[in-house]
Amino acid sequence: MSAPRTLPRSAPRRLGGFTILEILIATAILTIGLLGLLALFPVAMRSGKITIEETNAMLIAGSVEQAIRDGIQTRKAQDTAGSGFTYFLFQHDGVQDPLPRRISEASPSDDHYILFPSPDTDGVQPLDRNVAYQAGKVFVFPETDGKTWTPMVEGVAFEDVSDVESGMEPNGGGNPGRADDDKDDSTDPGTGEPDFEVYRTYPLSNQFVDELLLESEPEKLYEDPISQYSFAFAIRPAYRDASLDRSDPLDDAFIPAGELYEVDILVFRTFLKGTAGARKPILRKKILVNR
């Protein structure tokens, strides 16, 4: 009887897989890639926040511009003393004092009372245009002279701030010649550009939101961030004002007519005097208006 045949033993088969080293290398590569992606998130979020803020600021500035032009067109008058000083009533969300029923009842101390600064000239002696421009007063609104107000930041009230101690009347009592003689609103003598400080602003509220949206989705009233925004504006005689002497004056023989004005609209977020947010508005828009 023959011995049973024995099959040759085959070499052991090696199972496929990754070594520990390969896994560590792959993990390191994946981690580096994920860290790079995660680093983009703060940049994207900041960019998105800036875009939203700038969009809101442009909407606010456009609304303020329209309110200024509407006030000049429909609610403009001269002071009741008959001296010919011109003012208009400014109606917009953020104005604290309600509009009077008659424009003649408006008081220079009211937040809506906007006085035109008169050019610094006697109306007789021609001036250099640059000299006239730099000498003109700059009025910043809302008014602070002779006023007491409560600054607000994100709904938090701070201690009242008062300018009553300066002894200045709001808007000079309706006389631009006496208004702002404490020079807190000024002009850079070197460039002629406004170098004013904003001490208070018109704070926006949820009234600025579309009323139809609030009626359909009232819960969004508490989600709306517009109440964190506020604005101010400055008005001064324009560089290219007309002349009382001739229709096309030379720059060295100029008698300002006080007909064209420059308005700087400044939009802020979480404004508080003395902070970085107060020194640098989100948006600064310059417009020209005719008296």
# chains A, B, ... in the order shown; residues from 1 in each chain; ligands from 1
$ residues_around --residues "Glu262 of chain A" --least-positions-apart "3" --cutoff "10 Å" --atoms "only C-alpha atoms" --output "ChimeraX atom specification"
/A:138,234-241,265,286-290
$ residues_around --residues "Ile103 of chain A" --least-positions-apart "5" --cutoff "12 Å" --atoms "only C-alpha atoms" --output "mmCIF file with C-alpha atoms, in the first residue's frame"
data_model
loop_
_atom_site.group_PDB
_atom_site.id
_atom_site.type_symbol
_atom_site.label_atom_id
_atom_site.label_comp_id
_atom_site.auth_asym_id
_atom_site.auth_seq_id
_atom_site.Cartn_x
_atom_site.Cartn_y
_atom_site.Cartn_z
ATOM 1 C CA GLY A 71 -37.162 118.873 5.132
ATOM 2 C CA THR A 74 -41.366 121.050 2.551
ATOM 3 C CA ARG A 75 -40.493 122.216 6.100
ATOM 4 C CA LYS A 76 -38.188 125.199 5.619
ATOM 5 C CA ALA A 77 -38.762 128.580 7.238
ATOM 6 C CA GLN A 78 -37.095 131.693 8.599
ATOM 7 C CA ASP A 79 -36.809 132.540 12.257
ATOM 8 C CA THR A 80 -39.784 134.294 13.791
ATOM 9 C CA TYR A 87 -33.788 126.624 9.203
ATOM 10 C CA PHE A 88 -35.701 123.459 8.378
ATOM 11 C CA LEU A 89 -37.296 120.666 10.363
ATOM 12 C CA PHE A 90 -35.726 117.241 10.132
ATOM 13 C CA PRO A 98 -41.960 115.478 18.106
ATOM 14 C CA PRO A 108 -34.038 126.110 18.202
ATOM 15 C CA ASP A 110 -35.513 120.957 19.547
ATOM 16 C CA HIS A 112 -35.394 118.457 14.683
ATOM 17 C CA TYR A 113 -34.406 122.136 14.312
#
$ closest_residue --among "A:Phe268, A:Phe85, A:Phe116, A:Phe233" --to "Phe141 of chain A" --atoms "only C-alpha atoms"
A:Phe233
$ residues_around --residues "Pro281 of chain A" --least-positions-apart "5" --cutoff "9 Å" --atoms "only C-alpha atoms" --output "list in words"
Phe231, Leu266, Val267, Phe268, Arg269, Phe271 and Ala276 of chain A
$ atom_distance --atom1 "atom CA of Asp251 of chain A" --atom2 "atom CA of Gly177 of chain A"
24.2 Å
$ residues_around --residues "Leu127 of chain A" --least-positions-apart "5" --cutoff "9 Å" --atoms "only C-alpha atoms" --output "list in words"
Thr121, Ala132, Asp251, Asp252, Ala253, Phe254, Ile255 and Pro256 of chain A
$ decode --residues "segment 97-115 of chain A" --atoms "N, CA and C atoms" --output "PDB file, in the first residue's frame"
ATOM      1  N   ASP A  97     -37.496 114.877  19.708  1.00  0.00           N
ATOM      2  CA  ASP A  97     -38.618 115.801  19.915  1.00  0.00           C
ATOM      3  C   ASP A  97     -39.643 115.663  18.795  1.00  0.00           C
ATOM      4  N   PRO A  98     -40.931 115.588  19.150  1.00  0.00           N
ATOM      5  CA  PRO A  98     -41.960 115.478  18.106  1.00  0.00           C
ATOM      6  C   PRO A  98     -42.060 116.769  17.301  1.00  0.00           C
ATOM      7  N   LEU A  99     -42.400 116.616  16.027  1.00  0.00           N
ATOM      8  CA  LEU A  99     -42.553 117.796  15.177  1.00  0.00           C
ATOM      9  C   LEU A  99     -43.720 118.652  15.663  1.00  0.00           C
ATOM     10  N   PRO A 100     -43.578 119.983  15.630  1.00  0.00           N
ATOM     11  CA  PRO A 100     -44.692 120.850  16.017  1.00  0.00           C
ATOM     12  C   PRO A 100     -45.782 120.829  14.941  1.00  0.00           C
ATOM     13  N   ARG A 101     -46.962 121.181  15.323  1.00  0.00           N
ATOM     14  CA  ARG A 101     -48.069 121.200  14.356  1.00  0.00           C
ATOM     15  C   ARG A 101     -47.866 122.304  13.330  1.00  0.00           C
ATOM     16  N   ARG A 102     -47.227 123.395  13.721  1.00  0.00           N
ATOM     17  CA  ARG A 102     -46.907 124.491  12.805  1.00  0.00           C
ATOM     18  C   ARG A 102     -45.407 124.726  12.841  1.00  0.00           C
ATOM     19  N   ILE A 103     -44.811 124.939  11.689  1.00  0.00           N
ATOM     20  CA  ILE A 103     -43.370 125.110  11.636  1.00  0.00           C
ATOM     21  C   ILE A 103     -42.942 126.361  12.391  1.00  0.00           C
ATOM     22  N   SER A 104     -43.816 127.357  12.468  1.00  0.00           N
ATOM     23  CA  SER A 104     -43.479 128.588  13.186  1.00  0.00           C
ATOM     24  C   SER A 104     -43.336 128.358  14.690  1.00  0.00           C
ATOM     25  N   GLU A 105     -43.849 127.224  15.181  1.00  0.00           N
ATOM     26  CA  GLU A 105     -43.761 126.908  16.604  1.00  0.00           C
ATOM     27  C   GLU A 105     -42.487 126.147  16.952  1.00  0.00           C
ATOM     28  N   ALA A 106     -41.642 125.897  15.969  1.00  0.00           N
ATOM     29  CA  ALA A 106     -40.411 125.145  16.215  1.00  0.00           C
ATOM     30  C   ALA A 106     -39.470 125.963  17.092  1.00  0.00           C
ATOM     31  N   SER A 107     -38.771 125.264  17.969  1.00  0.00           N
ATOM     32  CA  SER A 107     -37.814 125.911  18.864  1.00  0.00           C
ATOM     33  C   SER A 107     -36.393 125.513  18.483  1.00  0.00           C
ATOM     34  N   PRO A 108     -35.438 126.455  18.517  1.00  0.00           N
ATOM     35  CA  PRO A 108     -34.038 126.110  18.202  1.00  0.00           C
ATOM     36  C   PRO A 108     -33.450 125.048  19.113  1.00  0.00           C
ATOM     37  N   SER A 109     -34.063 124.814  20.258  1.00  0.00           N
ATOM     38  CA  SER A 109     -33.547 123.807  21.179  1.00  0.00           C
ATOM     39  C   SER A 109     -34.053 122.404  20.853  1.00  0.00           C
ATOM     40  N   ASP A 110     -34.974 122.268  19.899  1.00  0.00           N
ATOM     41  CA  ASP A 110     -35.513 120.957  19.547  1.00  0.00           C
ATOM     42  C   ASP A 110     -34.537 120.181  18.656  1.00  0.00           C
ATOM     43  N   ASP A 111     -34.586 118.861  18.785  1.00  0.00           N
ATOM     44  CA  ASP A 111     -33.666 118.013  18.026  1.00  0.00           C
ATOM     45  C   ASP A 111     -33.904 118.059  16.522  1.00  0.00           C
ATOM     46  N   HIS A 112     -35.094 118.440  16.109  1.00  0.00           N
ATOM     47  CA  HIS A 112     -35.394 118.457  14.683  1.00  0.00           C
ATOM     48  C   HIS A 112     -35.081 119.803  14.033  1.00  0.00           C
ATOM     49  N   TYR A 113     -34.654 120.787  14.818  1.00  0.00           N
ATOM     50  CA  TYR A 113     -34.406 122.136  14.312  1.00  0.00           C
ATOM     51  C   TYR A 113     -32.997 122.183  13.706  1.00  0.00           C
ATOM     52  N   ILE A 114     -32.911 122.336  12.386  1.00  0.00           N
ATOM     53  CA  ILE A 114     -31.630 122.332  11.673  1.00  0.00           C
ATOM     54  C   ILE A 114     -31.388 123.736  11.110  1.00  0.00           C
ATOM     55  N   LEU A 115     -30.386 124.398  11.637  1.00  0.00           N
ATOM     56  CA  LEU A 115     -30.073 125.767  11.249  1.00  0.00           C
ATOM     57  C   LEU A 115     -28.967 125.770  10.194  1.00  0.00           C
TER      58      LEU A 115
END
